[in-house]
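*Asks:* For reference, the file query_7.txt (compact mmCIF, N, CA and C atoms) is included below:
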# COMPACT_ATOMS: atom_id res chain seq x y z
N VAL X 1 -14.97 3.11 -5.04
CA VAL X 1 -13.77 3.19 -5.87
C VAL X 1 -13.30 1.77 -6.19
N GLN X 2 -12.88 1.57 -7.44
CA GLN X 2 -12.35 0.27 -7.85
C GLN X 2 -10.82 0.36 -7.92
N LEU X 3 -10.17 -0.68 -7.43
CA LEU X 3 -8.72 -0.67 -7.32
C LEU X 3 -8.12 -1.85 -8.06
N GLN X 4 -7.04 -1.59 -8.77
CA GLN X 4 -6.34 -2.63 -9.53
C GLN X 4 -4.85 -2.56 -9.21
N ALA X 5 -4.36 -3.56 -8.51
CA ALA X 5 -2.94 -3.60 -8.14
C ALA X 5 -2.14 -4.34 -9.21
N SER X 6 -0.90 -3.93 -9.37
CA SER X 6 -0.02 -4.58 -10.34
C SER X 6 1.43 -4.40 -9.90
N GLY X 7 2.32 -5.12 -10.59
CA GLY X 7 3.74 -4.94 -10.34
C GLY X 7 4.39 -6.04 -9.54
N GLY X 8 3.61 -6.99 -9.07
CA GLY X 8 4.19 -8.09 -8.32
C GLY X 8 4.99 -9.01 -9.21
N GLY X 9 5.69 -9.94 -8.58
CA GLY X 9 6.48 -10.89 -9.34
C GLY X 9 7.46 -11.62 -8.46
N LEU X 10 8.38 -12.33 -9.12
CA LEU X 10 9.43 -13.07 -8.44
C LEU X 10 10.71 -12.25 -8.47
N VAL X 11 11.31 -12.05 -7.31
CA VAL X 11 12.52 -11.23 -7.22
C VAL X 11 13.48 -11.85 -6.22
N GLN X 12 14.76 -11.65 -6.45
CA GLN X 12 15.75 -12.18 -5.52
C GLN X 12 15.86 -11.30 -4.28
N ALA X 13 16.22 -11.90 -3.20
CA ALA X 13 16.43 -11.15 -1.96
C ALA X 13 17.47 -10.06 -2.19
N GLY X 14 17.21 -8.91 -1.58
CA GLY X 14 18.10 -7.78 -1.72
C GLY X 14 17.75 -6.83 -2.86
N ARG X 15 16.90 -7.28 -3.74
CA ARG X 15 16.49 -6.45 -4.88
C ARG X 15 15.29 -5.59 -4.51
N SER X 16 14.87 -4.77 -5.48
CA SER X 16 13.75 -3.85 -5.27
C SER X 16 12.59 -4.18 -6.21
N LEU X 17 11.44 -3.72 -5.81
CA LEU X 17 10.24 -3.91 -6.62
C LEU X 17 9.28 -2.77 -6.30
N THR X 18 8.57 -2.31 -7.31
CA THR X 18 7.58 -1.26 -7.10
C THR X 18 6.20 -1.77 -7.51
N LEU X 19 5.28 -1.68 -6.58
CA LEU X 19 3.89 -2.02 -6.85
C LEU X 19 3.12 -0.76 -7.18
N SER X 20 2.12 -0.92 -8.03
CA SER X 20 1.25 0.19 -8.38
C SER X 20 -0.19 -0.22 -8.19
N CYS X 21 -1.01 0.77 -7.93
CA CYS X 21 -2.44 0.53 -7.77
C CYS X 21 -3.17 1.65 -8.49
N ALA X 22 -3.97 1.29 -9.46
CA ALA X 22 -4.75 2.26 -10.22
C ALA X 22 -6.17 2.27 -9.71
N ALA X 23 -6.71 3.45 -9.50
CA ALA X 23 -8.06 3.60 -9.00
C ALA X 23 -8.97 4.17 -10.07
N SER X 24 -10.20 3.74 -10.04
CA SER X 24 -11.21 4.31 -10.93
C SER X 24 -12.48 4.51 -10.14
N GLY X 25 -13.26 5.49 -10.54
CA GLY X 25 -14.49 5.77 -9.84
C GLY X 25 -14.47 7.14 -9.21
N PRO X 26 -15.05 7.27 -8.02
CA PRO X 26 -15.12 8.59 -7.37
C PRO X 26 -13.76 9.23 -7.16
N THR X 27 -13.76 10.48 -6.85
CA THR X 27 -12.55 11.28 -6.75
C THR X 27 -11.50 10.61 -5.88
N PHE X 28 -10.37 10.32 -6.50
CA PHE X 28 -9.30 9.57 -5.83
C PHE X 28 -8.78 10.30 -4.61
N SER X 29 -8.69 11.60 -4.67
CA SER X 29 -8.13 12.37 -3.56
C SER X 29 -9.04 12.41 -2.33
N ASN X 30 -10.22 11.84 -2.44
CA ASN X 30 -11.10 11.73 -1.27
C ASN X 30 -10.68 10.59 -0.34
N TYR X 31 -9.75 9.76 -0.81
CA TYR X 31 -9.42 8.54 -0.09
C TYR X 31 -8.01 8.55 0.48
N VAL X 32 -7.90 8.14 1.71
CA VAL X 32 -6.61 7.71 2.23
C VAL X 32 -6.33 6.36 1.58
N MET X 33 -5.09 6.15 1.16
CA MET X 33 -4.74 4.91 0.49
C MET X 33 -3.75 4.12 1.32
N GLY X 34 -3.89 2.81 1.25
CA GLY X 34 -3.00 1.97 2.03
C GLY X 34 -2.60 0.72 1.27
N TRP X 35 -1.54 0.12 1.75
CA TRP X 35 -1.10 -1.18 1.27
C TRP X 35 -1.09 -2.15 2.45
N PHE X 36 -1.55 -3.34 2.18
CA PHE X 36 -1.56 -4.42 3.15
C PHE X 36 -0.96 -5.65 2.49
N ARG X 37 -0.62 -6.64 3.28
CA ARG X 37 -0.11 -7.88 2.70
C ARG X 37 -0.57 -9.07 3.53
N GLN X 38 -0.62 -10.21 2.87
CA GLN X 38 -1.01 -11.43 3.55
C GLN X 38 -0.12 -12.56 3.06
N ALA X 39 0.65 -13.11 3.97
CA ALA X 39 1.51 -14.24 3.67
C ALA X 39 0.74 -15.53 3.91
N PRO X 40 1.14 -16.62 3.27
CA PRO X 40 0.44 -17.90 3.46
C PRO X 40 0.37 -18.29 4.92
N GLY X 41 -0.84 -18.62 5.36
CA GLY X 41 -1.04 -19.06 6.73
C GLY X 41 -1.02 -17.96 7.76
N LYS X 42 -0.94 -16.71 7.31
CA LYS X 42 -0.90 -15.58 8.26
C LYS X 42 -2.05 -14.62 8.00
N GLU X 43 -2.31 -13.80 8.99
CA GLU X 43 -3.35 -12.79 8.85
C GLU X 43 -2.86 -11.63 7.99
N ARG X 44 -3.82 -10.94 7.42
CA ARG X 44 -3.49 -9.75 6.65
C ARG X 44 -2.90 -8.71 7.59
N GLU X 45 -1.83 -8.05 7.16
CA GLU X 45 -1.19 -7.06 8.00
C GLU X 45 -1.01 -5.73 7.25
N PHE X 46 -0.99 -4.69 8.02
CA PHE X 46 -0.80 -3.34 7.49
C PHE X 46 0.65 -3.16 7.05
N VAL X 47 0.82 -2.50 5.91
CA VAL X 47 2.16 -2.19 5.40
C VAL X 47 2.41 -0.69 5.45
N ALA X 48 1.55 0.09 4.80
CA ALA X 48 1.79 1.53 4.72
C ALA X 48 0.50 2.24 4.34
N ALA X 49 0.42 3.52 4.67
CA ALA X 49 -0.72 4.34 4.29
C ALA X 49 -0.24 5.75 3.98
N ILE X 50 -1.05 6.45 3.20
CA ILE X 50 -0.69 7.81 2.80
C ILE X 50 -1.94 8.67 2.84
N SER X 51 -1.77 9.90 3.29
CA SER X 51 -2.90 10.80 3.42
C SER X 51 -3.45 11.19 2.05
N ARG X 52 -4.59 11.82 2.07
CA ARG X 52 -5.25 12.20 0.82
C ARG X 52 -4.38 13.12 -0.04
N SER X 53 -3.68 14.00 0.59
CA SER X 53 -2.84 14.94 -0.16
C SER X 53 -1.49 14.36 -0.52
N GLY X 54 -1.08 13.32 0.20
CA GLY X 54 0.26 12.76 0.03
C GLY X 54 1.28 13.35 0.97
N HIS X 55 0.85 14.31 1.82
CA HIS X 55 1.80 14.97 2.71
C HIS X 55 2.27 14.07 3.86
N ALA X 56 1.45 13.14 4.27
CA ALA X 56 1.79 12.32 5.43
C ALA X 56 1.73 10.84 5.07
N THR X 57 2.63 10.09 5.68
CA THR X 57 2.68 8.65 5.47
C THR X 57 2.79 7.93 6.81
N ARG X 58 2.45 6.67 6.80
CA ARG X 58 2.53 5.84 8.01
C ARG X 58 2.97 4.46 7.58
N TYR X 59 3.83 3.85 8.35
CA TYR X 59 4.37 2.55 8.00
C TYR X 59 4.30 1.59 9.17
N ALA X 60 4.25 0.31 8.84
CA ALA X 60 4.46 -0.70 9.87
C ALA X 60 5.88 -0.53 10.39
N ASP X 61 6.02 -0.63 11.69
CA ASP X 61 7.33 -0.38 12.30
C ASP X 61 8.42 -1.27 11.71
N SER X 62 8.07 -2.50 11.41
CA SER X 62 9.08 -3.46 10.93
C SER X 62 9.54 -3.16 9.52
N LEU X 63 8.79 -2.32 8.80
CA LEU X 63 9.10 -2.05 7.40
C LEU X 63 9.66 -0.66 7.16
N LYS X 64 9.60 0.15 8.19
CA LYS X 64 10.03 1.54 8.05
C LYS X 64 11.48 1.60 7.58
N GLY X 65 11.70 2.39 6.54
CA GLY X 65 13.05 2.54 6.01
C GLY X 65 13.29 1.72 4.76
N ARG X 66 12.56 0.64 4.57
CA ARG X 66 12.74 -0.17 3.36
C ARG X 66 11.66 0.09 2.33
N PHE X 67 10.44 0.41 2.80
CA PHE X 67 9.30 0.60 1.90
C PHE X 67 8.92 2.09 1.88
N THR X 68 8.48 2.55 0.72
CA THR X 68 8.03 3.92 0.56
C THR X 68 6.73 3.95 -0.21
N ILE X 69 5.73 4.58 0.37
CA ILE X 69 4.45 4.74 -0.30
C ILE X 69 4.37 6.13 -0.89
N SER X 70 3.76 6.24 -2.06
CA SER X 70 3.56 7.54 -2.70
C SER X 70 2.27 7.48 -3.50
N ARG X 71 1.79 8.64 -3.88
CA ARG X 71 0.57 8.70 -4.68
C ARG X 71 0.65 9.83 -5.69
N ASP X 72 -0.11 9.68 -6.74
CA ASP X 72 -0.24 10.71 -7.77
C ASP X 72 -1.74 10.92 -7.98
N ASN X 73 -2.26 11.97 -7.38
CA ASN X 73 -3.71 12.20 -7.45
C ASN X 73 -4.16 12.54 -8.88
N ALA X 74 -3.30 13.14 -9.65
CA ALA X 74 -3.67 13.48 -11.02
C ALA X 74 -3.86 12.22 -11.87
N LYS X 75 -3.14 11.15 -11.52
CA LYS X 75 -3.23 9.89 -12.26
C LYS X 75 -4.01 8.82 -11.51
N SER X 76 -4.52 9.18 -10.33
CA SER X 76 -5.30 8.23 -9.52
C SER X 76 -4.52 6.93 -9.26
N THR X 77 -3.29 7.09 -8.87
CA THR X 77 -2.46 5.92 -8.61
C THR X 77 -1.74 6.05 -7.26
N VAL X 78 -1.44 4.92 -6.68
CA VAL X 78 -0.64 4.86 -5.48
C VAL X 78 0.42 3.78 -5.71
N HIS X 79 1.62 4.03 -5.18
CA HIS X 79 2.73 3.13 -5.42
C HIS X 79 3.35 2.69 -4.11
N LEU X 80 3.99 1.55 -4.16
CA LEU X 80 4.75 1.06 -3.01
C LEU X 80 6.12 0.64 -3.52
N GLN X 81 7.12 1.42 -3.18
CA GLN X 81 8.50 1.09 -3.53
C GLN X 81 9.06 0.22 -2.42
N MET X 82 9.52 -0.97 -2.79
CA MET X 82 10.03 -1.91 -1.80
C MET X 82 11.50 -2.18 -2.10
N ASN X 83 12.35 -1.85 -1.14
CA ASN X 83 13.78 -2.02 -1.31
C ASN X 83 14.31 -3.11 -0.39
N THR X 84 15.47 -3.63 -0.76
CA THR X 84 16.15 -4.64 0.05
C THR X 84 15.16 -5.72 0.49
N LEU X 85 14.51 -6.29 -0.47
CA LEU X 85 13.47 -7.28 -0.17
C LEU X 85 14.06 -8.52 0.49
N GLU X 86 13.26 -9.11 1.35
CA GLU X 86 13.64 -10.30 2.11
C GLU X 86 12.63 -11.41 1.83
N PRO X 87 13.04 -12.66 1.96
CA PRO X 87 12.07 -13.75 1.76
C PRO X 87 10.82 -13.59 2.62
N GLU X 88 10.97 -12.98 3.78
CA GLU X 88 9.83 -12.76 4.68
C GLU X 88 8.83 -11.76 4.12
N ASP X 89 9.20 -11.05 3.06
CA ASP X 89 8.28 -10.12 2.42
C ASP X 89 7.36 -10.82 1.42
N THR X 90 7.56 -12.09 1.21
CA THR X 90 6.72 -12.85 0.29
C THR X 90 5.28 -12.85 0.80
N ALA X 91 4.37 -12.40 -0.06
CA ALA X 91 2.96 -12.27 0.33
C ALA X 91 2.16 -11.79 -0.88
N VAL X 92 0.87 -11.83 -0.72
CA VAL X 92 -0.01 -11.13 -1.65
C VAL X 92 -0.20 -9.72 -1.09
N TYR X 93 0.05 -8.74 -1.93
CA TYR X 93 -0.04 -7.35 -1.53
C TYR X 93 -1.33 -6.74 -2.08
N TYR X 94 -2.06 -6.06 -1.20
CA TYR X 94 -3.33 -5.45 -1.55
C TYR X 94 -3.26 -3.94 -1.36
N CYS X 95 -3.85 -3.21 -2.29
CA CYS X 95 -4.07 -1.79 -2.03
C CYS X 95 -5.51 -1.63 -1.56
N ALA X 96 -5.72 -0.60 -0.77
CA ALA X 96 -7.03 -0.39 -0.17
C ALA X 96 -7.28 1.10 0.01
N ALA X 97 -8.55 1.46 0.08
CA ALA X 97 -8.94 2.87 0.19
C ALA X 97 -9.80 3.07 1.43
N ASP X 98 -9.54 4.17 2.10
CA ASP X 98 -10.25 4.53 3.33
C ASP X 98 -10.88 5.91 3.13
N ARG X 99 -12.23 5.96 3.25
CA ARG X 99 -12.91 7.24 3.09
C ARG X 99 -13.46 7.73 4.43
N SER X 100 -12.96 7.18 5.51
CA SER X 100 -13.46 7.61 6.81
C SER X 100 -13.07 9.07 7.06
N SER X 101 -13.75 9.69 8.01
CA SER X 101 -13.52 11.11 8.28
C SER X 101 -12.09 11.34 8.74
N GLY X 102 -11.54 12.45 8.34
CA GLY X 102 -10.16 12.79 8.69
C GLY X 102 -9.71 13.90 7.77
N GLY X 103 -8.65 14.57 8.15
CA GLY X 103 -8.17 15.70 7.38
C GLY X 103 -7.59 15.30 6.05
N TYR X 104 -7.42 16.31 5.18
CA TYR X 104 -6.92 16.07 3.83
C TYR X 104 -5.41 15.91 3.83
N TYR X 105 -4.73 16.68 4.65
CA TYR X 105 -3.27 16.71 4.51
C TYR X 105 -2.54 15.66 5.34
N TYR X 106 -2.99 15.40 6.58
CA TYR X 106 -2.16 14.61 7.49
C TYR X 106 -2.81 13.35 8.04
N TYR X 107 -4.07 13.12 7.75
CA TYR X 107 -4.74 11.92 8.26
C TYR X 107 -4.34 10.73 7.39
N THR X 108 -3.84 9.67 8.04
CA THR X 108 -3.37 8.51 7.29
C THR X 108 -4.22 7.26 7.54
N GLY X 109 -5.47 7.48 7.88
CA GLY X 109 -6.39 6.36 7.96
C GLY X 109 -6.49 5.78 9.35
N GLY X 110 -7.52 4.93 9.51
CA GLY X 110 -7.75 4.31 10.80
C GLY X 110 -7.28 2.88 10.81
N SER X 111 -8.11 2.04 11.39
CA SER X 111 -7.76 0.62 11.47
C SER X 111 -8.02 -0.06 10.13
N THR X 112 -7.62 -1.30 10.05
CA THR X 112 -7.81 -2.05 8.81
C THR X 112 -9.27 -2.05 8.39
N SER X 113 -10.16 -2.13 9.33
CA SER X 113 -11.59 -2.18 9.01
C SER X 113 -12.11 -0.87 8.42
N ASP X 114 -11.37 0.22 8.59
CA ASP X 114 -11.77 1.50 7.99
C ASP X 114 -11.50 1.54 6.50
N PHE X 115 -10.64 0.66 6.03
CA PHE X 115 -10.34 0.59 4.60
C PHE X 115 -11.44 -0.26 3.95
N GLY X 116 -12.39 0.40 3.33
CA GLY X 116 -13.58 -0.29 2.86
C GLY X 116 -13.52 -0.80 1.43
N SER X 117 -12.55 -0.34 0.66
CA SER X 117 -12.43 -0.79 -0.73
C SER X 117 -11.08 -1.44 -0.93
N TRP X 118 -11.09 -2.60 -1.58
CA TRP X 118 -9.86 -3.38 -1.74
C TRP X 118 -9.67 -3.79 -3.19
N GLY X 119 -8.40 -3.82 -3.59
CA GLY X 119 -8.06 -4.38 -4.89
C GLY X 119 -7.93 -5.88 -4.80
N GLN X 120 -7.58 -6.50 -5.90
CA GLN X 120 -7.56 -7.96 -5.98
C GLN X 120 -6.26 -8.57 -5.46
N GLY X 121 -5.23 -7.77 -5.26
CA GLY X 121 -3.97 -8.29 -4.76
C GLY X 121 -3.00 -8.64 -5.86
N THR X 122 -1.73 -8.51 -5.56
CA THR X 122 -0.67 -8.90 -6.49
C THR X 122 0.39 -9.68 -5.71
N GLN X 123 0.82 -10.79 -6.26
CA GLN X 123 1.73 -11.69 -5.57
C GLN X 123 3.17 -11.19 -5.68
N VAL X 124 3.84 -11.13 -4.54
CA VAL X 124 5.26 -10.84 -4.50
C VAL X 124 5.96 -12.04 -3.87
N THR X 125 6.92 -12.58 -4.59
CA THR X 125 7.68 -13.71 -4.09
C THR X 125 9.15 -13.35 -4.09
N VAL X 126 9.77 -13.46 -2.93
CA VAL X 126 11.18 -13.11 -2.79
C VAL X 126 11.97 -14.40 -2.53
N SER X 127 12.87 -14.69 -3.43
CA SER X 127 13.68 -15.91 -3.29
C SER X 127 14.99 -15.60 -2.58
N SER X 128 15.45 -16.58 -1.83
CA SER X 128 16.69 -16.37 -1.06
C SER X 128 17.91 -16.75 -1.88
Written as structure tokens, that's how I'd like the structure from this file.
*Replies:*
Amino acid sequence: VQLQASGGGLVQAGRSLTLSCAASGPTFSNYVMGWFRQAPGKEREFVAAISRSGHATRYADSLKGRFTISRDNAKSTVHLQMNTLEPEDTAVYYCAADRSSGGYYYYTGGSTSDFGSWGQGTQVTVSS
């Protein structure tokens, strides 16, 4: 599956931003989808994941409550709604797909290494 992330930009702290990721190729609903981010000088970290059906989601503990992941299987897209952004959220955000074994409704993916397909990333910069 090929992934194209978009929606990044420069935003003031406290504001919101929504990232989108469009997928093309094999059946989108076969994949658990996730968002990751990498800040300068830091390792890539998990942000959120959503099951194949969209019924279940998983978030990094530090982001729970501010970020919301969603997907539209009919449009082969996954979104990340980011609210109350902080300068610490500045990073390149990547969408990724996981086709490892797991249920359709509630499996939200494995480790980062299970996400085998990655988009090119979109830059989010939050100014204070």
*Asks:* DSSP says helix (DSSP H, G or I) for which residues of chain X? Put them as a PyMOL selection string?
*Replies:* chain X and resi 28-30+87-89+112-114
*Asks:* Write out, as a PDB file, keeping the file's coordinate frame, the residues just selected, with N, CA and C atoms.
*Replies:*
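Contents of out_6.pdb, as written:
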ATOM      1  N   PHE X  28     -10.370  10.320  -6.500  1.00  0.00           N
ATOM      2  CA  PHE X  28      -9.300   9.570  -5.830  1.00  0.00           C
ATOM      3  C   PHE X  28      -8.780  10.300  -4.610  1.00  0.00           C
ATOM      4  N   SER X  29      -8.690  11.600  -4.670  1.00  0.00           N
ATOM      5  CA  SER X  29      -8.130  12.370  -3.560  1.00  0.00           C
ATOM      6  C   SER X  29      -9.040  12.410  -2.330  1.00  0.00           C
ATOM      7  N   ASN X  30     -10.220  11.840  -2.440  1.00  0.00           N
ATOM      8  CA  ASN X  30     -11.100  11.730  -1.270  1.00  0.00           C
ATOM      9  C   ASN X  30     -10.680  10.590  -0.340  1.00  0.00           C
ATOM     10  N   PRO X  87      13.040 -12.660   1.960  1.00  0.00           N
ATOM     11  CA  PRO X  87      12.070 -13.750   1.760  1.00  0.00           C
ATOM     12  C   PRO X  87      10.820 -13.590   2.620  1.00  0.00           C
ATOM     13  N   GLU X  88      10.970 -12.980   3.780  1.00  0.00           N
ATOM     14  CA  GLU X  88       9.830 -12.760   4.680  1.00  0.00           C
ATOM     15  C   GLU X  88       8.830 -11.760   4.120  1.00  0.00           C
ATOM     16  N   ASP X  89       9.200 -11.050   3.060  1.00  0.00           N
ATOM     17  CA  ASP X  89       8.280 -10.120   2.420  1.00  0.00           C
ATOM     18  C   ASP X  89       7.360 -10.820   1.420  1.00  0.00           C
ATOM     19  N   THR X 112      -7.620  -1.300  10.050  1.00  0.00           N
ATOM     20  CA  THR X 112      -7.810  -2.050   8.810  1.00  0.00           C
ATOM     21  C   THR X 112      -9.270  -2.050   8.390  1.00  0.00           C
ATOM     22  N   SER X 113     -10.160  -2.130   9.330  1.00  0.00           N
ATOM     23  CA  SER X 113     -11.590  -2.180   9.010  1.00  0.00           C
ATOM     24  C   SER X 113     -12.110  -0.870   8.420  1.00  0.00           C
ATOM     25  N   ASP X 114     -11.370   0.220   8.590  1.00  0.00           N
ATOM     26  CA  ASP X 114     -11.770   1.500   7.990  1.00  0.00           C
ATOM     27  C   ASP X 114     -11.500   1.540   6.500  1.00  0.00           C
TER      28      ASP X 114
END
*Asks:* Quick one: pull the distance between atom C of Gly119 (chain X) and atom N of Leu85 (chain X), Å, one decimal.
*Replies:*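 Computing the Euclidean distance for atom C of Gly119 (chain X) and atom N of Leu85 (chain X) yields 22.9 Å.
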*Asks:* Report as AutoDock Vina command-line options the centre and the edge lengths, in Å to one decimal, of the axis-aligned box holding every listed atom of region 7-21 of chain X, padded by 6 Å on each side.
*Replies:*
--center_x 7.5 --center_y -5.7 --center_z -6.1 --size_x 33.3 --size_y 26.7 --size_z 21.0
*Asks:* May I ask which of the residues X:Tyr105, X:Ala39, X:Gly54, X:Lys64 is the closest one to Glu88 (chain X), counting all atoms listed in the file?
*Replies:* X:Ala39
*Asks:* Hey, what does DSSP flag as strand (DSSP E or B) within chain X? Can you give it to me as a PyMOL selection string?
*Replies:* chain X and resi 2-6+9-12+17-24+32-38+45-50+57-59+64+67-72+77-82+91-98+115-118+122-127
*Asks:* Show me the residues around (19.8, -5.2, -5.7) - criterion: an atom at most 5 Å away, only N, CA and C atoms counted - as a PDB file with N, CA and C atoms, in the coordinates of the input.
*Replies:*
ATOM      1  N   GLY X  14      17.210  -8.910  -1.580  1.00  0.00           N
ATOM      2  CA  GLY X  14      18.100  -7.780  -1.720  1.00  0.00           C
ATOM      3  C   GLY X  14      17.750  -6.830  -2.860  1.00  0.00           C
ATOM      4  N   ARG X  15      16.900  -7.280  -3.740  1.00  0.00           N
ATOM      5  CA  ARG X  15      16.490  -6.450  -4.880  1.00  0.00           C
ATOM      6  C   ARG X  15      15.290  -5.590  -4.510  1.00  0.00           C
ATOM      7  N   SER X  16      14.870  -4.770  -5.480  1.00  0.00           N
ATOM      8  CA  SER X  16      13.750  -3.850  -5.270  1.00  0.00           C
ATOM      9  C   SER X  16      12.590  -4.180  -6.210  1.00  0.00           C
TER      10      SER X  16
END
*Asks:* Counting all atoms listed in the file, what is within 8 Å of region 67-81 of chain X, bar same-chain residues fewer than 4 positions away, as a list in words?
*Replies:* Ser16, Leu17, Thr18, Leu19, Ser20, Cys21, Ala22, Ala23, Ser24, Thr27, Phe28, Ser29, Met33, Gly34, Trp35, Val47, Ala48, Ala49, Ile50, Arg52, Ser53, Gly54, Thr57, Arg58, Tyr59, Ser62 and Leu63 of chain X
*Asks:* One decimal, Å: what's the distance from CA of Gly116 (chain X) over to CA of Ser101 (chain X), could you say?
*Replies:*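 Answer for the CA of Gly116 (chain X) to CA of Ser101 (chain X) separation: 12.6 Å.
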*Asks:* So how far away is atom N of Asn83 (chain X) from atom C of Gly103 (chain X), in Å?
*Replies:*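 A separation of 27.3 Å between them.
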*Asks:* With distances taken over all atoms listed in the file, which of X:Gly9, X:Tyr107, X:Pro40, X:Phe46 is nearest to Asp61 (chain X)?
*Replies:*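 Of X:Gly9, X:Tyr107, X:Pro40, X:Phe46, the one nearest Asp61 (chain X) is X:Phe46, counting all atoms listed in the file.
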*Asks:* Rank nothing, just name the residue among X:Gln123, X:Ser100, X:Ser117, X:Thr90 nearest to Val1 (chain X), using only N, CA and C atoms.
*Replies:*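 For Val1 (chain X), the nearest of the candidates is X:Ser117.
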*Asks:* Which of these, X:Gly65, X:Gly109, X:Gln4, X:Val11, has the shortest distance to Val32 (chain X) once you count only C-alpha atoms?
*Replies:*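 Counting only C-alpha atoms, the residue closest to Val32 (chain X) is X:Gly109.
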*Asks:* Counting all atoms listed in the file, figure out which residue out of X:Ala60, X:Phe115, X:Ser51, X:Gly8 gets nearest to Tyr31 (chain X).
*Replies:* X:Ser51
